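Next up, data-v2.txt (compact mmCIF, C-alpha atoms and all ligand atoms):
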# COMPACT_ATOMS: atom_id res chain seq x y z
CA MET A 90 -10.81 10.74 -25.26
CA ASN A 91 -14.38 9.63 -24.58
CA HIS A 92 -17.32 11.45 -23.01
CA TRP A 93 -16.50 10.49 -19.39
CA GLN A 94 -12.86 11.37 -19.81
CA GLU A 95 -13.66 14.80 -21.22
CA LEU A 96 -15.98 15.51 -18.30
CA ASP A 97 -13.33 14.24 -15.86
CA ARG A 98 -10.76 16.63 -17.35
CA LYS A 99 -13.26 19.46 -17.03
CA PHE A 100 -14.30 18.81 -13.43
CA PHE A 101 -11.17 17.72 -11.60
CA MET A 102 -7.94 19.39 -10.63
CA ASN A 103 -5.41 17.24 -12.43
CA THR A 104 -3.97 15.43 -9.42
CA GLY A 105 -4.65 11.90 -10.63
CA HIS A 106 -2.81 11.90 -13.99
CA ARG A 107 -5.23 9.18 -15.26
CA ARG A 108 -2.03 7.86 -16.82
CA LEU A 109 -3.50 4.65 -18.18
CA GLY A 110 -6.29 6.45 -20.00
CA VAL A 111 -9.04 3.88 -19.41
CA THR A 112 -12.45 4.31 -17.75
CA LEU A 113 -13.23 1.26 -15.63
CA VAL A 114 -16.84 0.31 -14.99
CA ARG A 115 -16.76 -3.27 -13.65
CA GLY A 116 -14.46 -5.74 -11.92
CA GLU A 117 -14.46 -9.40 -10.96
CA GLY A 118 -11.53 -11.23 -9.39
CA ALA A 119 -8.29 -10.09 -11.02
CA ARG A 120 -10.11 -8.67 -14.06
CA VAL A 121 -11.71 -5.33 -14.84
CA TRP A 122 -13.69 -4.02 -17.81
CA ASP A 123 -13.78 -0.54 -19.31
CA ASP A 124 -16.74 1.42 -20.65
CA GLN A 125 -16.04 0.03 -24.13
CA GLY A 126 -16.36 -3.55 -22.83
CA ARG A 127 -12.60 -4.22 -23.06
CA GLU A 128 -11.18 -6.63 -20.50
CA TYR A 129 -7.95 -6.13 -18.52
CA LEU A 130 -5.93 -8.11 -16.03
CA ASP A 131 -5.55 -5.76 -13.08
CA PHE A 132 -2.06 -5.79 -11.55
CA ILE A 133 -2.64 -2.46 -9.78
CA ALA A 134 -5.73 -3.56 -7.85
CA GLY A 135 -6.80 -0.09 -6.77
CA TRP A 136 -3.22 0.61 -5.62
CA GLY A 137 -2.85 -2.57 -3.67
CA VAL A 138 -6.33 -2.47 -2.16
CA ASN A 139 -8.36 -5.26 -3.76
CA ALA A 140 -6.66 -8.05 -1.83
CA LEU A 141 -9.43 -10.55 -2.60
CA GLY A 142 -9.85 -9.23 -6.12
CA HIS A 143 -12.70 -7.08 -7.35
CA CYS A 144 -16.17 -7.68 -5.93
CA HIS A 145 -15.34 -10.87 -4.07
CA PRO A 146 -18.66 -12.58 -3.22
CA VAL A 147 -17.97 -12.64 0.55
CA VAL A 148 -17.28 -8.90 0.57
CA VAL A 149 -20.23 -8.08 -1.68
CA SER A 150 -22.67 -10.06 0.43
CA ALA A 151 -21.34 -8.59 3.68
CA ILE A 152 -21.79 -5.08 2.28
CA ARG A 153 -25.28 -5.91 0.95
CA GLU A 154 -26.39 -7.37 4.24
CA GLN A 155 -24.98 -4.57 6.38
CA ALA A 156 -26.29 -1.87 4.00
CA GLY A 157 -29.81 -3.10 4.69
CA LYS A 158 -29.28 -2.99 8.46
CA LEU A 159 -27.19 -0.03 9.58
CA THR A 160 -24.60 2.00 7.67
CA GLN A 161 -23.41 4.79 9.96
CA VAL A 162 -23.53 5.63 13.65
CA SER A 163 -21.69 8.15 15.81
CA MET A 164 -18.78 7.42 18.11
CA ASP A 165 -21.18 8.07 20.99
CA VAL A 166 -22.71 4.59 20.63
CA TYR A 167 -21.53 0.99 20.42
CA ASN A 168 -21.81 -0.91 17.15
CA VAL A 169 -21.49 -4.63 16.49
CA PRO A 170 -19.45 -4.84 13.21
CA GLN A 171 -16.65 -2.71 14.62
CA VAL A 172 -16.39 -4.88 17.73
CA GLU A 173 -16.33 -8.03 15.57
CA LEU A 174 -13.59 -6.69 13.30
CA ALA A 175 -11.61 -5.34 16.28
CA ARG A 176 -11.75 -8.71 18.05
CA LEU A 177 -10.63 -10.62 14.98
CA LEU A 178 -7.75 -8.24 14.27
CA LEU A 179 -6.56 -8.11 17.87
CA GLU A 180 -6.88 -11.85 18.49
CA THR A 181 -5.04 -12.60 15.26
CA THR A 182 -2.17 -10.20 15.88
CA GLY A 183 -1.84 -10.04 19.66
CA PHE A 184 -2.16 -6.24 19.83
CA ASP A 185 -4.15 -4.86 22.76
CA LYS A 186 -6.18 -1.90 21.52
CA ILE A 187 -7.43 -0.55 18.22
CA PHE A 188 -8.82 2.58 16.60
CA PHE A 189 -10.53 2.61 13.18
CA ALA A 190 -10.23 5.38 10.62
CA SER A 191 -10.92 5.52 6.88
CA THR A 192 -7.58 5.98 5.12
CA GLY A 193 -3.96 4.99 5.63
CA THR A 194 -3.00 8.63 6.03
CA GLU A 195 -5.47 9.09 8.87
CA ALA A 196 -4.17 5.96 10.58
CA ASN A 197 -0.61 7.28 10.40
CA GLU A 198 -1.62 10.75 11.53
CA GLY A 199 -3.43 9.15 14.50
CA ALA A 200 -0.37 7.02 15.26
CA VAL A 201 1.82 10.13 15.41
CA LYS A 202 -0.70 11.91 17.64
CA LEU A 203 -0.68 8.87 19.90
CA ALA A 204 3.13 8.93 20.03
CA ARG A 205 3.13 12.62 20.88
CA LYS A 206 0.72 12.07 23.74
CA TYR A 207 2.92 9.19 24.92
CA GLY A 208 5.86 11.62 24.78
CA LYS A 209 3.98 14.13 26.94
CA LEU A 210 3.07 11.46 29.48
CA HIS A 211 6.23 9.37 29.60
CA ARG A 212 9.14 11.11 27.84
CA ASN A 213 9.28 14.66 29.17
CA GLY A 214 7.33 16.05 26.24
CA ALA A 215 9.46 14.41 23.54
CA TYR A 216 7.64 14.78 20.22
CA GLU A 217 9.99 14.17 17.30
CA VAL A 218 9.36 11.29 14.94
CA ILE A 219 12.15 9.85 12.83
CA SER A 220 11.00 8.59 9.43
CA THR A 221 12.92 7.82 6.26
CA LEU A 222 13.83 9.36 2.94
CA ASN A 223 11.80 7.88 0.06
CA SER A 224 9.08 6.75 2.45
CA PHE A 225 5.39 7.28 1.90
CA HIS A 226 2.98 7.88 4.76
CA GLY A 227 0.24 10.00 3.20
CA ARG A 228 -0.64 13.45 1.98
CA THR A 229 -1.91 15.49 4.92
CA LEU A 230 0.55 18.19 5.96
CA ALA A 231 1.95 16.17 8.86
CA MET A 232 2.23 13.02 6.76
CA VAL A 233 3.92 14.97 3.96
CA ALA A 234 6.44 16.04 6.61
CA ALA A 235 6.87 12.37 7.59
CA THR A 236 7.12 11.31 3.93
CA GLY A 237 10.78 11.84 3.08
CA LYS A 238 10.32 13.11 -0.46
CA PRO A 239 11.38 16.69 -1.14
CA VAL A 240 9.24 16.80 -4.29
CA TYR A 241 6.06 16.17 -2.24
CA GLN A 242 7.17 18.58 0.47
CA ALA A 243 8.45 21.61 -1.45
CA PRO A 244 5.09 23.17 -2.47
CA TYR A 245 3.75 23.06 1.09
CA THR A 246 6.46 24.48 3.29
CA PRO A 247 6.53 25.41 6.09
CA LEU A 248 5.63 21.87 7.12
CA PRO A 249 4.61 20.85 10.64
CA ALA A 250 7.65 20.57 12.88
CA GLY A 251 8.86 17.42 14.57
CA PHE A 252 9.74 15.10 11.68
CA LEU A 253 13.25 14.03 10.67
CA ASN A 254 13.75 12.12 7.42
CA VAL A 255 16.86 9.91 7.45
CA PRO A 256 18.20 7.33 4.97
CA TYR A 257 16.32 4.01 4.95
CA ASN A 258 18.01 0.75 5.94
CA SER A 259 20.53 2.54 8.17
CA LEU A 260 20.44 2.10 11.94
CA GLU A 261 23.30 4.59 12.22
CA ALA A 262 21.14 7.28 10.61
CA ILE A 263 18.41 6.67 13.20
CA GLN A 264 20.98 6.66 16.00
CA GLN A 265 22.42 9.98 14.85
CA ALA A 266 18.98 11.58 14.58
CA THR A 267 17.88 10.42 18.04
CA THR A 268 17.87 13.09 20.75
CA ASP A 269 15.99 13.54 24.00
CA LYS A 270 13.23 15.10 21.88
CA THR A 271 12.67 11.86 19.94
CA VAL A 272 9.56 9.89 20.78
CA ALA A 273 9.14 7.42 17.91
CA VAL A 274 10.55 5.86 14.77
CA LEU A 275 8.08 5.45 11.89
CA LEU A 276 8.99 2.93 9.17
CA GLU A 277 7.51 0.90 6.33
CA PRO A 278 8.66 -2.76 6.38
CA ILE A 279 9.26 -2.33 2.63
CA GLN A 280 9.13 1.12 1.07
CA GLY A 281 6.25 0.66 -1.34
CA GLU A 282 5.57 3.91 -3.14
CA GLY A 283 9.24 4.89 -2.81
CA GLY A 284 10.28 2.08 -5.14
CA VAL A 285 9.57 -1.30 -3.47
CA ASN A 286 12.80 -0.96 -1.50
CA VAL A 287 13.51 -4.05 0.62
CA PRO A 288 15.86 -3.39 3.55
CA ASP A 289 18.34 -5.84 5.07
CA ASP A 290 16.71 -8.57 7.13
CA ASP A 291 18.31 -7.45 10.39
CA TYR A 292 17.44 -3.74 9.98
CA PHE A 293 14.21 -4.00 11.94
CA LYS A 294 15.70 -6.13 14.71
CA LYS A 295 18.42 -3.51 15.16
CA VAL A 296 15.94 -0.63 15.10
CA ARG A 297 13.68 -2.46 17.58
CA ALA A 298 16.64 -2.93 19.94
CA TRP A 299 17.58 0.75 19.61
CA CYS A 300 13.99 1.80 20.37
CA ASN A 301 13.95 -0.48 23.42
CA GLU A 302 17.26 0.87 24.73
CA ASN A 303 16.12 4.48 24.31
CA GLY A 304 12.47 4.23 25.29
CA LEU A 305 11.26 5.10 21.78
CA LEU A 306 8.06 3.79 20.20
CA LEU A 307 8.39 1.80 17.01
CA ILE A 308 5.55 2.56 14.60
CA LEU A 309 5.30 0.29 11.56
CA ASP A 310 3.28 1.61 8.66
CA GLU A 311 1.83 -1.53 7.06
CA VAL A 312 -0.76 0.30 5.02
CA GLN A 313 0.78 -1.19 1.88
CA THR A 314 2.63 -4.27 3.17
CA GLY A 315 -0.17 -5.45 5.46
CA MET A 316 -3.19 -7.66 4.91
CA GLY A 317 -1.25 -10.47 3.29
CA ARG A 318 0.46 -8.44 0.59
CA THR A 319 4.00 -9.63 1.33
CA GLY A 320 3.12 -13.26 2.04
CA THR A 321 2.34 -13.11 5.77
CA LEU A 322 -0.71 -11.36 7.21
CA PHE A 323 1.61 -8.53 8.26
CA ALA A 324 5.20 -8.05 7.16
CA TYR A 325 6.43 -7.59 10.76
CA GLN A 326 5.52 -11.23 11.47
CA ARG A 327 8.26 -12.34 9.11
CA LEU A 328 10.75 -9.79 10.45
CA GLY A 329 10.71 -11.15 13.98
CA VAL A 330 9.92 -7.81 15.60
CA VAL A 331 6.68 -6.47 17.02
CA PRO A 332 6.01 -2.73 16.76
CA ASP A 333 4.37 -0.74 19.54
CA ILE A 334 1.98 0.78 17.01
CA LEU A 335 0.90 -0.76 13.71
CA THR A 336 -1.04 1.08 11.02
CA VAL A 337 -3.15 -0.80 8.50
CA GLY A 338 -5.25 0.32 5.54
CA LYS A 339 -5.67 -0.49 1.85
CA GLY A 340 -6.55 -4.23 1.79
CA LEU A 341 -8.30 -4.14 5.16
CA GLY A 342 -11.73 -3.39 3.71
CA GLY A 343 -11.46 -5.57 0.60
CA GLY A 344 -12.12 -2.45 -1.50
CA VAL A 345 -13.87 -0.03 0.84
CA PRO A 346 -12.16 2.75 2.82
CA ILE A 347 -11.18 1.57 6.28
CA SER A 348 -7.90 1.76 8.17
CA ALA A 349 -6.78 0.99 11.69
CA ILE A 350 -4.23 1.80 14.37
CA LEU A 351 -3.32 -1.27 16.42
CA VAL A 352 -1.54 -0.58 19.67
CA LYS A 353 0.31 -2.39 22.43
CA GLU A 354 -1.03 -1.63 25.91
CA LYS A 355 1.85 0.65 26.92
CA ALA A 356 1.18 3.00 23.98
CA ALA A 357 -2.63 2.96 24.27
CA VAL A 358 -2.72 6.43 25.78
CA PHE A 359 -5.71 7.99 24.00
CA GLY A 360 -8.51 8.86 26.38
CA PRO A 361 -12.03 10.23 25.87
CA GLY A 362 -12.08 13.09 23.37
CA ASP A 363 -8.44 12.71 22.36
CA HIS A 364 -9.09 11.52 18.84
CA GLY A 365 -11.96 10.71 16.51
CA HIS A 366 -13.47 10.77 13.05
CA THR A 367 -17.10 10.93 11.95
CA PHE A 368 -16.66 7.63 10.11
CA ALA A 369 -14.49 5.89 12.72
CA GLY A 370 -15.80 2.34 13.07
CA ASN A 371 -18.40 2.83 10.34
CA PRO A 372 -20.50 -0.38 10.44
CA LEU A 373 -20.61 -0.81 6.65
CA MET A 374 -16.82 -0.59 6.30
CA CYS A 375 -16.26 -2.80 9.34
CA ALA A 376 -18.62 -5.48 8.00
CA ALA A 377 -16.64 -5.48 4.72
CA GLY A 378 -13.40 -5.59 6.70
CA TYR A 379 -14.56 -8.50 8.84
CA ALA A 380 -15.64 -10.51 5.78
CA THR A 381 -12.30 -9.77 4.09
CA LEU A 382 -10.14 -10.74 7.06
CA ARG A 383 -12.22 -13.82 7.90
CA TYR A 384 -11.88 -15.08 4.34
CA MET A 385 -8.21 -14.19 4.24
CA LEU A 386 -7.50 -16.24 7.36
CA ASP A 387 -9.77 -19.18 6.50
CA SER A 388 -8.38 -19.52 2.96
CA ASP A 389 -4.76 -18.68 3.77
CA VAL A 390 -4.70 -15.83 1.27
CA PRO A 391 -1.29 -14.63 2.58
CA GLY A 392 0.05 -18.12 1.75
CA ASN A 393 -1.24 -17.74 -1.80
CA ALA A 394 0.45 -14.32 -2.00
CA ARG A 395 3.71 -15.93 -0.87
CA ARG A 396 3.53 -18.82 -3.35
CA MET A 397 2.31 -16.71 -6.25
CA GLY A 398 4.92 -14.07 -5.40
CA GLN A 399 7.66 -16.68 -5.68
CA TYR A 400 6.30 -17.97 -8.96
CA PHE A 401 5.88 -14.46 -10.37
CA THR A 402 9.42 -13.52 -9.31
CA GLU A 403 10.81 -16.56 -11.14
CA GLN A 404 8.95 -15.57 -14.30
CA LEU A 405 10.25 -12.01 -14.02
CA LYS A 406 13.78 -13.34 -13.53
CA ASP A 407 13.38 -15.30 -16.77
CA LEU A 408 12.44 -12.06 -18.50
CA ARG A 409 15.55 -10.48 -17.04
CA LYS A 410 17.70 -13.16 -18.68
CA LYS A 411 16.06 -12.30 -21.98
CA TYR A 412 16.15 -8.48 -21.81
CA SER A 413 19.42 -6.91 -20.74
CA PHE A 414 17.77 -3.53 -20.06
CA ILE A 415 16.05 -5.08 -17.00
CA THR A 416 18.42 -4.26 -14.17
CA ASP A 417 16.54 -5.40 -11.06
CA ILE A 418 13.65 -7.54 -9.83
CA ARG A 419 12.73 -6.94 -6.20
CA GLY A 420 10.03 -7.13 -3.57
CA ARG A 421 8.31 -9.73 -1.49
CA GLY A 422 5.07 -11.68 -1.88
CA LEU A 423 2.87 -9.80 -4.31
CA LEU A 424 4.52 -6.42 -3.85
CA LEU A 425 7.10 -6.60 -6.62
CA ALA A 426 8.98 -4.26 -8.92
CA ILE A 427 10.99 -4.48 -12.10
CA GLU A 428 13.59 -1.84 -12.92
CA PHE A 429 15.12 -0.86 -16.27
CA ASN A 430 18.24 1.03 -17.25
CA LYS A 431 16.02 3.19 -19.48
CA ASP A 432 13.10 5.50 -18.68
CA TRP A 433 10.65 3.26 -20.48
CA SER A 434 8.11 2.44 -17.81
CA ALA A 435 5.38 4.87 -19.00
CA GLU A 436 5.68 3.50 -22.49
CA ILE A 437 5.63 -0.10 -21.26
CA ALA A 438 2.57 0.55 -19.08
CA LYS A 439 0.75 2.16 -22.04
CA GLU A 440 1.63 -0.75 -24.31
CA CYS A 441 0.42 -3.21 -21.66
CA VAL A 442 -2.92 -1.38 -21.45
CA ALA A 443 -3.31 -1.85 -25.19
CA GLU A 444 -2.69 -5.59 -24.66
CA GLY A 445 -5.10 -5.85 -21.71
CA LEU A 446 -2.85 -5.55 -18.65
CA LEU A 447 -2.91 -2.73 -16.08
CA LEU A 448 0.42 -1.91 -14.40
CA ASN A 449 1.68 0.88 -12.17
CA ASN A 450 4.62 2.78 -13.69
CA MET A 451 5.76 4.02 -10.28
CA LYS A 452 9.03 5.54 -11.52
CA PRO A 453 10.27 6.57 -14.97
CA ASN A 454 12.46 3.45 -14.95
CA ALA A 455 10.47 1.05 -12.76
CA ILE A 456 7.12 -0.71 -12.67
CA ARG A 457 5.34 -1.95 -9.56
CA PHE A 458 3.12 -5.04 -9.45
CA MET A 459 0.35 -5.30 -6.84
CA PRO A 460 -2.09 -7.88 -8.21
CA PRO A 461 -4.97 -9.17 -6.09
CA LEU A 462 -3.71 -11.75 -3.61
CA ILE A 463 -6.07 -14.39 -5.02
CA ILE A 464 -4.18 -14.32 -8.33
CA THR A 465 -3.56 -17.67 -10.04
CA ILE A 466 -0.60 -19.12 -11.95
CA LYS A 467 -2.65 -18.92 -15.14
CA GLU A 468 -3.26 -15.20 -14.66
CA ILE A 469 0.40 -14.58 -13.84
CA ASP A 470 1.40 -16.48 -16.99
CA GLU A 471 -1.00 -14.35 -19.00
CA ALA A 472 0.41 -11.13 -17.55
CA VAL A 473 4.01 -12.24 -18.06
CA GLY A 474 3.19 -13.22 -21.66
CA ILE A 475 1.85 -9.71 -22.32
CA LEU A 476 4.83 -8.12 -20.61
CA ASP A 477 7.21 -10.27 -22.64
CA ARG A 478 5.62 -9.18 -25.94
CA VAL A 479 5.64 -5.54 -24.86
CA LEU A 480 9.28 -5.62 -23.69
CA ALA A 481 10.26 -7.17 -27.01
CA ARG A 482 8.44 -4.45 -28.93
CA VAL A 483 9.69 -1.55 -26.82
CA SER A 484 13.29 -2.69 -27.07
CA SER A 485 13.27 -3.65 -30.75
CA PRO A 486 15.21 -1.40 -33.15
CA ASP A 487 12.03 -1.01 -35.20
CA ARG A 488 9.68 0.73 -32.75
CA SER A 489 6.80 1.24 -35.16
CA GLY A 490 3.45 -0.01 -33.90
CA LEU A 491 4.05 1.37 -30.40
CA VAL A 492 1.25 3.10 -28.56
CA ILE A 493 1.97 6.72 -27.74
CA GLY A 494 0.15 9.59 -26.09
CA GLU A 495 -3.58 8.94 -25.82
CA GLY A 496 -3.40 5.35 -26.98
CA VAL A 497 -2.59 6.12 -30.64
CA LYS A 498 -0.56 3.59 -32.60
CA VAL A 499 2.38 5.05 -34.56
C1 LIG B 501 2.88 2.83 3.26
C2 LIG B 501 1.73 3.75 3.03
N1 LIG B 501 1.30 4.51 4.05
C3 LIG B 501 0.26 5.35 3.90
C4 LIG B 501 -0.39 5.47 2.70
C5 LIG B 501 -1.54 6.41 2.56
O1 LIG B 501 -2.73 5.71 2.54
P1 LIG B 501 -4.06 6.40 1.98
O2 LIG B 501 -3.77 6.76 0.56
O3 LIG B 501 -5.12 5.35 2.15
O4 LIG B 501 -4.33 7.59 2.82
C6 LIG B 501 0.02 4.70 1.61
C7 LIG B 501 -0.64 4.82 0.31
O5 LIG B 501 -0.16 4.40 -0.71
C8 LIG B 501 1.11 3.82 1.78
O6 LIG B 501 1.56 3.07 0.78

What do you get writing this file as structure tokens?
Ligand SMILES: Cc1ncc(COP(=O)(O)O)c(C=O)c1O
Amino acid sequence: MNHWQELDRKFFMNTGHRRLGVTLVRGEGARVWDDQGREYLDFIAGWGVNALGHCHPVVVSAIREQAGKLTQVSMDVYNVPQVELARLLLETTGFDKIFFASTGTEANEGAVKLARKYGKLHRNGAYEVISTLNSFHGRTLAMVAATGKPVYQAPYTPLPAGFLNVPYNSLEAIQQATTDKTVAVLLEPIQGEGGVNVPDDDYFKKVRAWCNENGLLLILDEVQTGMGRTGTLFAYQRLGVVPDILTVGKGLGGGVPISAILVKEKAAVFGPGDHGHTFAGNPLMCAAGYATLRYMLDSDVPGNARRMGQYFTEQLKDLRKKYSFITDIRGRGLLLAIEFNKDWSAEIAKECVAEGLLLNNMKPNAIRFMPPLIITIKEIDEAVGILDRVLARVSSPDRSGLVIGEGVKV
């Protein structure tokens, strides 16, 4: 453990694990460097944030320029970058109104507040939100209640009331949970953190129809699937349904914290004083967001995510033919996962670090890939080559030479 890591251990409550054990100091494109000068291919990308890679020139220059002009104002005034980003997002998607926040959790929390106000105004005070088991919507108390994972919920009970967690990919479960108290259904188009779980294609069409029949709002949480990650700008565009409320985060700022709630007119019920954050519409973040989205649209970055996702999936399928302990390859675009019939993912991730590849071991038996969306075939080949060598080593009868614990070779 080096100097920075010792200080980190001393200062922080151990919420972050720091599972990969490296201290990153620089990034460019799909590559990052640690404090020892070692280079890595980054297939975590700040947990699916660095859509254009690290320090993309258009994002860096937008931040530089805006930092010299105006970085923060209050919600009591107008500011230009937030209007520019709002216009681009709304014109591109066809939503009617927007609200900016900083994190995905805040966007979801705001979306639920919005739904509750809608319930007060239009649904006799209905307030319950149906979300799904294995979902992930954030870590505030209300979003922990929405996140259907008992392990995240147990330490914090009693949780805020008004959330029902039902099985994913089941319209029947949503139907059974719906009562006259229900105001909205909150879903991820693909469950990201919960395991890259891809539902049936018609699930969302059926849920949309159920929401229409029963006057419920459909909230799609695209914090992880949005901003090109799954091969279209937003995953809902491929699903053939339009939500009433869409939440966006992660990739929106190209690496800086900004999120948004996009709303159809009928659900745009916030009025003066109903909601706000100190940093809502922060000009610096909005300038970075505008540069990111402009580049993404002009260069068809979602198209690259789609093509590279297909290529990457084929390479992973080839690995599956080679290693029988790989049981599943799933996902869409550049949100992909590989699953094993053994709890080897921590070991595999550690071994990959030693070979210069950063991966997210999201479950004991599964790894998630979220590379930057500007990734190339050459970089995918390099990553797959590393993975191939590591899988061979981890599964060989002679397991000497494996990295264990704090990066020590045995
Ligand atoms: C689908 C989804 N919603 C919400 C969040 C929370 O976003 P944040 O961590 O920016 O608050 C995440 C984070 O991983 C997510 O994947």

**OP:** Provide the CA of Ser259 in chain A to CA of Thr221 in chain A distance in Å, to one decimal place.
**Re:**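 The value is 9.5 Å.
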
**OP:** Identify, on the basis of all atoms listed in the file, every residue whose closest approach to Asn139 in chain A does not exceed 6 Å; exclude the query and any residue fewer than 5 positions from it along the same chain; express the result as an MDAnalysis selection string.
**Re:** chainID A and resid 134 340 343:344 461

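At a cut-off of 10 Å from (3.7, -19.1, -9.3), the residue set is Asn393, Ala394, Arg395, Arg396, Met397, Gly398, Gln399, Tyr400, Phe401, Thr402, Glu403, Gln404, Ile464, Thr465, Ile466, Lys467, Glu468, Ile469 and Asp470 of chain A (counting only C-alpha atoms).
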
Original post:
So which one's closest to Asn197 in chain A, A:Ala472, A:Ile463, A:Ala250, A:Leu230? Using only C-alpha atoms, please.
Top reply: A:Leu230

Subject >> Closest of A:Leu373, A:Tyr412, A:Val285, A:Tyr292 to Ser485 in chain A - atom-to-atom distances counting only C-alpha atoms >> reply: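 Of all the options, A:Tyr412 lies closest to Ser485 in chain A.
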
Subject >> Contacts to ligand LIG 501 (chain B) at 10 Å cut-off (all atoms listed in the file) as a VMD selection string >> reply: chain A and resid 136 to 138 190 to 198 224 to 229 232 236 276 to 283 309 to 315 336 to 340 346 to 348

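Among A:Ile219, A:Val233, A:Ala298, A:Val287, the residue with the shortest atom-to-atom distance to Val255 in chain A, counting all atoms listed in the file, is A:Ile219.
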
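Across A:Ala356, A:Ile437, A:Val272, A:Pro249, the tightest approach to Asn449 in chain A is made by A:Ile437 when counting only C-alpha atoms.
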
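Proximity ranking of A:Val218, A:Gly362, A:Asn371, A:Ala235 relative to Tyr167 in chain A places A:Asn371 first, based on only C-alpha atoms.
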
**OP:** Give me the residues within 10 Å of Glu444 in chain A as a PyMOL selection string, counting only C-alpha atoms and dropping any in the same chain fewer than 6 places off.
**Re:** chain A and resi 128-130+438+472+475-476+478-479

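Nearest to Lys411 in chain A of all the residues A:Asp477, A:Val111, A:Val296, A:Arg327 is A:Asp477, based on all atoms listed in the file.
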
Original post:
Between CA of Ala175 in chain A and CA of Val201 in chain A, what is the distance, to one decimal in Å?
Top reply: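 The value is 20.5 Å.
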